[in-house]
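Q: My structure is stored as data_36.txt, with compact mmCIF, C-alpha atoms.
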# COMPACT_ATOMS: atom_id res chain seq x y z
CA TYR D 601 -63.66 -5.64 112.70
CA LYS D 602 -61.06 -2.85 112.56
CA LEU D 603 -59.03 -4.39 115.37
CA MET D 604 -59.25 -7.85 113.83
CA PHE D 605 -57.96 -6.77 110.44
CA ARG D 606 -55.38 -4.34 111.88
CA ILE D 607 -53.74 -7.22 113.74
CA HIS D 608 -53.56 -9.31 110.57
CA LYS D 609 -52.25 -6.37 108.58
CA HIS D 610 -49.22 -5.94 110.80
CA ARG D 611 -48.55 -9.64 111.33
CA THR D 612 -48.64 -11.86 108.25
CA PRO D 613 -50.71 -14.93 109.14
CA THR D 614 -47.97 -17.53 108.62
CA ASN D 615 -47.19 -18.29 112.26
CA GLY D 616 -48.26 -17.57 115.81
CA THR D 617 -51.62 -16.12 116.78
CA SER D 618 -52.34 -14.67 113.35
CA PHE D 619 -51.90 -17.97 111.54
CA LEU D 620 -53.77 -19.95 114.17
CA THR D 621 -56.79 -17.66 114.09
CA THR D 622 -56.86 -17.71 110.28
CA TYR D 623 -56.54 -21.49 110.23
CA ALA D 624 -59.23 -21.78 112.90
CA LEU D 625 -61.60 -19.88 110.62
CA ILE D 626 -61.03 -22.35 107.76
CA ILE D 627 -61.41 -25.57 109.76
CA ALA D 628 -64.39 -24.14 111.64
CA LEU D 629 -66.13 -23.52 108.32
CA ALA D 630 -65.69 -27.19 107.44
CA ASN D 631 -67.32 -28.15 110.73
CA THR D 632 -70.10 -25.54 110.77
CA PHE D 633 -71.60 -26.03 107.32
CA ILE D 634 -73.43 -29.06 108.74
CA ILE D 635 -74.78 -27.29 111.86
CA PRO D 636 -78.26 -26.40 110.49
CA ILE D 637 -78.86 -29.88 109.10
CA PHE D 638 -77.22 -32.14 111.69
CA PRO D 639 -80.16 -32.36 114.15
CA LEU D 640 -82.50 -32.89 111.17
CA PHE D 641 -80.14 -35.52 109.73
CA ILE D 642 -80.18 -37.41 113.04
CA LYS D 643 -83.96 -37.06 113.32
CA ASP D 644 -84.33 -38.68 109.89
CA LEU D 645 -82.43 -41.67 111.32
CA VAL D 646 -84.19 -41.93 114.71
CA GLY D 647 -87.68 -40.67 113.86
CA LYS D 648 -88.51 -38.41 116.86
CA ASP D 649 -87.34 -35.08 118.27
CA GLN D 650 -86.92 -36.55 121.76
CA TYR D 651 -84.33 -39.07 120.61
CA VAL D 652 -82.08 -36.54 118.85
CA GLY D 653 -80.69 -35.24 122.14
CA TYR D 654 -80.07 -38.75 123.44
CA VAL D 655 -78.07 -39.65 120.34
CA ILE D 656 -75.95 -36.50 120.58
CA SER D 657 -75.33 -36.89 124.32
CA SER D 658 -74.20 -40.50 123.88
CA PHE D 659 -70.98 -39.28 122.28
CA ALA D 660 -70.17 -37.03 125.24
CA VAL D 661 -68.81 -40.01 127.19
CA LEU D 662 -66.33 -40.59 124.38
CA ILE D 663 -65.30 -36.93 124.48
CA LEU D 664 -64.85 -37.14 128.24
CA LEU D 665 -62.49 -40.10 127.98
CA THR D 666 -60.53 -38.40 125.18
CA ASN D 667 -60.10 -35.27 127.31
CA LEU D 668 -58.82 -37.27 130.26
CA PHE D 669 -56.26 -39.25 128.27
CA ILE D 670 -55.19 -36.62 125.71
CA GLY D 671 -52.17 -35.62 127.81
CA LYS D 672 -50.41 -38.91 127.11
CA ILE D 673 -51.14 -38.62 123.39
CA ILE D 674 -49.83 -35.03 123.17
CA SER D 675 -46.65 -36.04 125.02
CA LYS D 676 -45.83 -38.59 122.30
CA PHE D 677 -46.81 -36.74 119.11
CA SER D 678 -46.58 -33.17 117.88
CA LYS D 679 -49.77 -31.16 118.08
CA LYS D 680 -49.55 -30.32 114.38
CA SER D 681 -49.35 -34.00 113.34
CA LEU D 682 -52.33 -34.83 115.54
CA MET D 683 -54.32 -32.00 114.00
CA LEU D 684 -53.50 -33.18 110.47
CA CYS D 685 -54.71 -36.67 111.33
CA THR D 686 -57.97 -35.28 112.71
CA ILE D 687 -58.58 -33.20 109.58
CA ALA D 688 -58.19 -36.35 107.48
CA VAL D 689 -60.87 -37.95 109.65
CA PHE D 690 -63.15 -34.93 109.10
CA PHE D 691 -62.79 -35.32 105.33
CA PHE D 692 -63.74 -39.01 105.30
CA ALA D 693 -66.47 -38.59 107.94
CA TYR D 694 -68.33 -35.88 106.04
CA TYR D 695 -68.04 -37.76 102.77
CA LEU D 696 -69.36 -40.95 104.41
CA PHE D 697 -72.22 -39.05 106.07
CA SER D 698 -73.48 -38.28 102.57
CA LYS D 699 -73.85 -42.02 102.03
CA THR D 700 -75.25 -42.89 105.47
CA THR D 701 -78.68 -44.54 105.53
CA ASN D 702 -79.02 -46.03 109.04
CA LEU D 703 -78.13 -45.39 112.66
CA VAL D 704 -75.44 -48.08 112.85
CA GLN D 705 -73.48 -46.45 110.03
CA PHE D 706 -73.92 -43.05 111.67
CA PHE D 707 -72.55 -44.24 115.02
CA GLY D 708 -69.55 -45.88 113.36
CA ILE D 709 -68.58 -42.65 111.59
CA GLU D 710 -69.45 -40.26 114.42
CA ILE D 711 -67.26 -42.09 116.93
CA PHE D 712 -64.16 -41.22 114.90
CA ARG D 713 -65.33 -37.68 114.17
CA THR D 714 -66.10 -37.00 117.83
CA VAL D 715 -62.67 -38.14 119.03
CA SER D 716 -61.03 -36.11 116.26
CA LEU D 717 -62.98 -32.96 117.11
CA THR D 718 -61.86 -33.26 120.73
CA ILE D 719 -58.19 -33.85 119.96
CA HIS D 720 -58.16 -31.04 117.40
CA ALA D 721 -59.79 -28.52 119.76
CA ILE D 722 -57.36 -29.26 122.60
CA CYS D 723 -54.26 -29.11 120.38
CA LEU D 724 -55.39 -25.84 118.82
CA GLY D 725 -56.18 -24.36 122.24
CA ILE D 726 -52.74 -25.22 123.59
CA LEU D 727 -50.98 -23.88 120.49
CA LEU D 728 -52.93 -20.66 120.81
CA ARG D 729 -51.91 -20.32 124.47
CA GLU D 730 -48.28 -20.90 123.51
CA SER D 731 -48.50 -18.10 120.94
CA THR D 732 -49.32 -15.37 123.48
CA THR D 733 -48.57 -14.15 127.01
CA LYS D 734 -50.64 -14.23 130.18
CA LYS D 735 -51.01 -10.46 129.97
CA LYS D 736 -52.48 -10.63 126.47
CA ILE D 737 -54.42 -13.86 126.76
CA GLY D 738 -57.81 -12.12 127.00
CA LYS D 739 -57.17 -10.14 123.82
CA THR D 740 -55.83 -13.23 122.05
CA GLU D 741 -58.81 -15.39 123.04
CA GLY D 742 -61.17 -12.59 122.00
CA LEU D 743 -59.55 -12.49 118.55
CA TYR D 744 -59.60 -16.28 118.27
CA TYR D 745 -63.28 -16.57 119.16
CA THR D 746 -64.14 -13.70 116.83
CA PHE D 747 -62.65 -15.64 113.93
CA LEU D 748 -64.46 -18.78 115.09
CA ASN D 749 -67.69 -16.85 115.17
CA VAL D 750 -67.12 -15.58 111.63
CA ALA D 751 -67.22 -19.27 110.70
CA TRP D 752 -70.29 -19.83 112.86
CA LEU D 753 -71.85 -16.83 111.13
CA ILE D 754 -71.09 -17.94 107.56
CA GLY D 755 -71.10 -21.73 107.93
CA PRO D 756 -74.68 -22.37 109.11
CA LEU D 757 -76.04 -19.76 106.69
CA VAL D 758 -74.30 -21.31 103.69
CA GLY D 759 -75.08 -24.82 104.90
CA GLY D 760 -78.77 -24.01 105.28
CA LEU D 761 -79.01 -22.42 101.85
CA VAL D 762 -77.14 -25.29 100.17
CA ALA D 763 -79.34 -27.85 101.94
CA LYS D 764 -82.51 -26.04 100.85
CA ALA D 765 -81.37 -25.85 97.23
CA TYR D 766 -79.51 -29.14 96.76
CA GLY D 767 -80.10 -31.39 99.79
CA PHE D 768 -78.06 -32.67 102.73
CA GLU D 769 -75.62 -34.62 100.56
CA LYS D 770 -74.14 -31.50 98.96
CA VAL D 771 -73.60 -29.90 102.38
CA PHE D 772 -71.48 -32.87 103.45
CA TYR D 773 -69.51 -32.63 100.19
CA LEU D 774 -68.88 -28.95 100.90
CA SER D 775 -67.55 -29.71 104.40
CA SER D 776 -65.24 -32.40 103.00
CA THR D 777 -63.85 -29.98 100.41
CA VAL D 778 -63.06 -27.26 102.96
CA ALA D 779 -61.43 -29.88 105.21
CA VAL D 780 -58.99 -30.58 102.37
CA ILE D 781 -58.17 -26.86 102.15
CA ALA D 782 -57.55 -26.74 105.91
CA PHE D 783 -55.27 -29.79 105.64
CA VAL D 784 -53.16 -28.12 102.93
CA VAL D 785 -52.94 -24.80 104.81
CA LEU D 786 -51.80 -26.47 108.03
CA SER D 787 -49.39 -28.92 106.39
CA LEU D 788 -47.56 -26.12 104.55
CA ASN D 789 -47.04 -24.07 107.72
CA LYS D 790 -44.08 -24.56 110.06
CA LEU D 791 -45.69 -24.12 113.44
CA LYS D 792 -43.45 -23.33 116.36
CA GLU D 793 -44.26 -25.72 119.18
CA TYR D 794 -42.90 -25.56 122.69
CA LYS D 795 -41.88 -28.59 124.64
CA ASP D 796 -44.37 -29.38 127.32
CA HIS D 797 -42.92 -28.07 130.57
CA THR D 798 -44.84 -30.37 132.86
CA ILE D 799 -44.75 -34.00 133.86
CA ILE D 800 -47.56 -36.06 132.32
CA ARG D 801 -49.15 -37.88 135.25
CA LYS D 802 -51.87 -40.45 135.17
CA PRO D 803 -55.21 -38.92 134.14
CA LEU D 804 -56.90 -39.76 137.45
CA VAL D 805 -54.06 -38.10 139.36
CA ASN D 806 -54.48 -34.95 137.27
CA LEU D 807 -58.23 -35.06 137.90
CA LYS D 808 -57.67 -35.29 141.65
CA LEU D 809 -55.28 -32.33 141.57
CA PHE D 810 -57.76 -30.35 139.48
CA LEU D 811 -60.58 -30.93 141.97
CA LYS D 812 -58.36 -29.75 144.83
CA ASN D 813 -57.70 -26.44 143.08
CA LYS D 814 -60.41 -24.07 144.39
CA LYS D 815 -59.64 -21.45 141.75
CA LEU D 816 -60.65 -23.79 138.92
CA LEU D 817 -64.14 -24.76 140.10
CA PRO D 818 -65.77 -21.38 139.25
CA VAL D 819 -64.34 -21.29 135.73
CA TYR D 820 -65.40 -24.92 135.24
CA LEU D 821 -69.00 -24.07 136.20
CA ILE D 822 -68.97 -20.96 133.98
CA THR D 823 -67.86 -23.05 131.01
CA PHE D 824 -70.44 -25.72 131.80
CA GLY D 825 -73.23 -23.12 131.93
CA LEU D 826 -72.31 -21.56 128.61
CA ALA D 827 -72.03 -24.95 126.88
CA LEU D 828 -75.44 -25.95 128.26
CA TYR D 829 -76.95 -22.76 126.84
CA LEU D 830 -75.34 -23.25 123.41
CA SER D 831 -76.38 -26.91 123.20
CA SER D 832 -80.02 -25.96 123.71
CA LEU D 833 -79.79 -23.44 120.87
CA TYR D 834 -77.98 -25.46 118.24
CA ILE D 835 -79.85 -28.73 118.81
CA TYR D 836 -83.40 -27.57 119.41
CA LEU D 837 -83.78 -24.32 117.46
CA PRO D 838 -83.43 -26.12 114.08
CA LEU D 839 -86.00 -28.67 115.25
CA LEU D 840 -88.37 -25.90 116.39
CA ILE D 841 -88.10 -24.08 113.08
CA LYS D 842 -88.72 -27.29 111.15
CA GLU D 843 -91.69 -28.10 113.42
CA ASN D 844 -93.23 -24.76 112.38
CA GLY D 845 -93.11 -25.77 108.72
CA LEU D 846 -90.10 -23.69 107.67
CA GLY D 847 -87.09 -24.89 105.70
CA GLU D 848 -83.35 -25.26 106.11
CA ASP D 849 -82.78 -21.79 104.67
CA ILE D 850 -84.66 -20.19 107.58
CA ILE D 851 -82.63 -22.35 109.98
CA GLY D 852 -79.48 -21.00 108.35
CA TYR D 853 -80.66 -17.40 108.67
CA ALA D 854 -81.60 -17.92 112.33
CA LEU D 855 -78.24 -19.48 113.23
CA PHE D 856 -76.53 -16.69 111.27
CA ALA D 857 -78.30 -14.10 113.42
CA LEU D 858 -77.41 -15.92 116.67
CA VAL D 859 -73.72 -15.32 116.08
CA ILE D 860 -73.90 -11.57 115.38
CA PRO D 861 -73.72 -10.41 119.04
CA LEU D 862 -70.82 -12.78 119.70
CA LEU D 863 -68.95 -11.58 116.64
CA LEU D 864 -69.35 -7.90 117.50
CA LEU D 865 -68.63 -8.07 121.23
CA GLU D 866 -66.03 -10.76 121.87
CA ILE D 867 -62.91 -8.71 121.14
CA PRO D 868 -64.13 -5.78 123.30
CA ALA D 869 -64.99 -8.31 126.03
CA GLY D 870 -61.47 -9.71 126.03
CA LYS D 871 -59.89 -6.25 126.20
CA LEU D 872 -62.18 -5.10 129.02
CA ALA D 873 -61.49 -8.23 131.04
CA ASP D 874 -57.73 -7.81 130.67
CA LYS D 875 -58.05 -4.23 131.89
CA TYR D 876 -60.65 -4.46 134.68
CA GLY D 877 -60.81 -8.12 135.71
CA TYR D 878 -63.06 -11.08 134.97
CA LYS D 879 -65.26 -11.89 137.93
CA TRP D 880 -67.75 -9.03 137.64
CA PHE D 881 -68.66 -10.11 134.10
CA PHE D 882 -69.93 -13.55 134.85
CA VAL D 883 -72.88 -13.08 137.22
CA PHE D 884 -74.23 -10.22 135.13
CA VAL D 885 -74.02 -12.00 131.78
CA PHE D 886 -75.72 -15.20 132.96
CA LEU D 887 -78.56 -13.13 134.38
CA LEU D 888 -78.76 -11.36 131.03
CA ILE D 889 -78.97 -14.66 129.15
CA SER D 890 -81.75 -15.86 131.47
CA LEU D 891 -83.64 -12.60 131.02
CA PHE D 892 -84.01 -13.26 127.30
CA LEU D 893 -84.54 -17.05 127.45
CA ILE D 894 -87.28 -17.32 130.10
CA PRO D 895 -90.04 -15.39 128.20
CA THR D 896 -89.72 -17.48 125.01
CA TYR D 897 -92.29 -20.11 126.03
CA PHE D 898 -94.97 -17.48 126.53
CA ILE D 899 -94.56 -15.91 123.07
CA ASP D 900 -96.50 -17.23 120.08
CA SER D 901 -94.47 -15.65 117.28
CA LEU D 902 -91.55 -17.83 116.19
CA TYR D 903 -89.69 -14.82 114.83
CA THR D 904 -90.01 -12.98 118.15
CA VAL D 905 -88.60 -16.07 119.89
CA ILE D 906 -85.66 -16.06 117.48
CA ILE D 907 -85.04 -12.35 118.20
CA LEU D 908 -84.94 -13.04 121.95
CA LEU D 909 -82.52 -15.92 121.42
CA VAL D 910 -80.30 -13.63 119.33
CA LEU D 911 -80.34 -11.01 122.08
CA SER D 912 -79.34 -13.64 124.63
CA GLY D 913 -76.11 -13.90 122.65
CA ILE D 914 -75.09 -10.52 124.08
CA GLY D 915 -74.46 -12.23 127.40
CA ALA D 916 -72.80 -15.22 125.78
CA ALA D 917 -70.40 -12.90 123.93
CA PHE D 918 -68.89 -11.80 127.24
CA VAL D 919 -68.48 -15.34 128.53
CA GLU D 920 -67.22 -17.29 125.52
CA PRO D 921 -63.73 -15.77 125.07
CA LEU D 922 -63.26 -15.14 128.77
CA LYS D 923 -63.77 -18.68 130.05
CA GLU D 924 -60.49 -19.97 128.61
CA ALA D 925 -58.69 -16.68 129.21
CA TYR D 926 -59.77 -16.82 132.87
CA PHE D 927 -58.59 -20.43 133.10
CA PHE D 928 -55.11 -19.49 131.89
CA LYS D 929 -55.09 -16.52 134.26
CA VAL D 930 -55.74 -18.56 137.39
CA VAL D 931 -53.77 -21.73 136.61
CA ASN D 932 -50.00 -21.97 137.08
CA SER D 933 -48.00 -22.21 133.87
CA GLU D 934 -46.57 -25.60 134.80
CA ASP D 935 -50.09 -27.00 135.28
CA GLU D 936 -51.61 -25.80 132.01
CA LEU D 937 -51.14 -29.01 130.03
CA LYS D 938 -52.28 -31.18 132.94
CA PHE D 939 -55.44 -29.23 133.65
CA TYR D 940 -56.53 -27.85 130.27
CA PRO D 941 -58.02 -31.13 128.95
CA ILE D 942 -59.84 -31.62 132.27
CA PHE D 943 -61.12 -28.06 132.15
CA ARG D 944 -62.57 -28.76 128.70
CA THR D 945 -64.63 -31.62 130.12
CA ALA D 946 -67.02 -28.90 131.33
CA ILE D 947 -68.14 -28.62 127.70
CA VAL D 948 -68.38 -32.39 127.51
CA MET D 949 -70.48 -32.68 130.65
CA ALA D 950 -72.84 -30.02 129.31
CA SER D 951 -73.00 -31.91 125.99
CA LEU D 952 -73.82 -35.08 127.92
CA LEU D 953 -76.27 -33.76 130.51
CA GLY D 954 -77.87 -30.95 128.48
CA PRO D 955 -79.44 -33.05 125.71
CA ILE D 956 -80.46 -35.74 128.21
CA ILE D 957 -82.20 -33.18 130.44
CA PHE D 958 -83.84 -31.29 127.58
CA SER D 959 -84.87 -34.40 125.64
CA THR D 960 -86.44 -35.90 128.77
CA PHE D 961 -88.46 -32.70 129.27
CA LEU D 962 -89.73 -33.07 125.70
CA PHE D 963 -91.79 -36.09 126.76
CA PHE D 964 -93.80 -33.72 128.98
CA VAL D 965 -93.56 -30.21 127.47
CA PRO D 966 -93.62 -28.74 123.94
CA LEU D 967 -90.40 -28.09 122.08
CA LYS D 968 -90.62 -24.33 122.60
CA ALA D 969 -90.39 -24.76 126.39
CA ILE D 970 -86.79 -25.97 126.15
CA PHE D 971 -85.37 -22.44 126.03
CA THR D 972 -87.39 -21.27 129.05
CA ILE D 973 -86.19 -24.31 131.00
CA GLY D 974 -82.62 -23.50 129.92
CA GLY D 975 -83.09 -19.94 131.17
CA PHE D 976 -84.07 -21.15 134.65
CA ILE D 977 -81.17 -23.63 134.74
Go through the file and emit its structure as structure tokens.
A:
Amino acid sequence: YKLMFRIHKHRTPTNGTSFLTTYALIIALANTFIIPIFPLFIKDLVGKDQYVGYVISSFAVLILLTNLFIGKIISKFSKKSLMLCTIAVFFFAYYLFSKTTNLVQFFGIEIFRTVSLTIHAICLGILLRESTTKKKIGKTEGLYYTFLNVAWLIGPLVGGLVAKAYGFEKVFYLSSTVAVIAFVVLSLNKLKEYKDHTIIRKPLVNLKLFLKNKKLLPVYLITFGLALYLSSLYIYLPLLIKENGLGEDIIGYALFALVIPLLLLEIPAGKLADKYGYKWFFVFVFLLISLFLIPTYFIDSLYTVIILLVLSGIGAAFVEPLKEAYFFKVVNSEDELKFYPIFRTAIVMASLLGPIIFSTFLFFVPLKAIFTIGGFI
């Protein structure tokens, strides 16, 4: 915390890294208030736990296509203008979710929200990279993810409590309101954008070049593994808690606790990686995550399971900020724009395959087994 606030004390958050991390906190709040209720909201529409994962994974194909073709969009429009458009979509999507009563309506709204989330994340990631240097990228990414995790700490907790007290509708209203605040904050800021210093090739050509780059495969797999782990937590833990007869407030508290290790450790992780190197982190931290996930099926106490899942976040804290920092370390500067959207498809593939794999297992095993299966994967 001291490092985080010291940086913002000496650099007023009106431009560069300081502004982007502050803005990221605001827009992330808008998108995280719904986290504890979203799987439950989908379940109300589809009826069964097994189908929730299938619904969520269906949008991953859309994210994949957006990632592959985003280069052409960014080359024609400023990243700030694209981000403002996506925030407008967030506002309308969350408001309309409060009025949604069937699956057809949900799909119509979620298509636009999914594309907007993808475009916004890529634009923000590129702007953040442009605001720092290769030497400081680990520290910058650590700061950025710390601010994101403040939102992931506060958002699900507040969302769960609001849902328990007032219902899902008020949570969607809250997300819409904060989206308006994010829109105003971003629109009033004069972001410094750099001209893209690379030729925008056809998406399939970029994909072929990416696959030929042996340095990028490890970081792609690392990102895929982390996203698979996180998808199992944020989709199935709320369903498990609800299955045990507890309310949205307990879901909020549990998701609040999950973020604590990430919030405390991500800045130190970024600094250590910049100083000592990245590779030695990754094998150790995935083993650490598995160590805490595998025993969960064999434990009867739900609260003990939640504690183990929280402890698994210690490993995740060392991977989350480093995956993108490591990507920018190993890729040539002139290839960053070409390869960054493709690199982010690792998250998409995990979002596609993870829920499909886990939801299919649910036809044969109890819900609690999902985390043990994730630990072995």
Q: Could you check the closest approach to Gly847 in chain D for each of D:Arg729, D:Arg713, D:Lys680, D:Lys764 and tell me which residue wins, using only C-alpha atoms?
A: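 Closest residue, counting only C-alpha atoms: D:Lys764.
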Q: Compare D:Leu728, D:Leu826, D:Val965, D:Val762 by their minimum atom-to-atom distance to Phe928 in chain D, counting only C-alpha atoms, and give me the closest one.
A: D:Leu728
Q: Which residue is closest to Pro861 in chain D? Choose from D:Asn789, D:Thr777, D:Thr823, D:Asn749 and count only C-alpha atoms.
A: D:Asn749
Q: Would you mind listing what lies within 9 Å of Leu774 in chain D as a list in words, with all atoms listed in the file counted and same-chain residues fewer than 4 positions away left out?
A: Ala630, Phe633, Tyr694, Gly759, Glu769, Lys770, Val778 and Ala779 of chain D
Q: Using all atoms listed in the file, which of D:Val715, D:Leu888, D:Leu753, D:Leu645 sits nearest Asn702 in chain D?
A: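 Closest to Asn702 in chain D, using all atoms listed in the file: D:Leu645.
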Q: Quick one: of D:Gly760, D:Gly653, D:Gly647, D:Gly913, who's nearest to Leu953 in chain D, counting all atoms listed in the file?
A: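 Result for the nearest residue to Leu953 in chain D: D:Gly653.
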Q: Between CA of Leu696 in chain D and CA of Gly708 in chain D, what is the spacing in Å?
A: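 Taking CA of Gly708 in chain D and CA of Leu696 in chain D, their separation equals 10.2 Å.
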Q: Work out how far apart CA of Ile687 in chain D and CA of Lys938 in chain D are and give it in Å to one decimal.
A: 24.3 Å
Q: Find the residue from D:Val655, D:Leu863, D:Leu791, D:Lys808 that sits nearest to Phe619 in chain D; use all atoms listed in the file when measuring.
A: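 Once distances to Phe619 in chain D are computed over all atoms listed in the file, the minimum belongs to D:Leu791.
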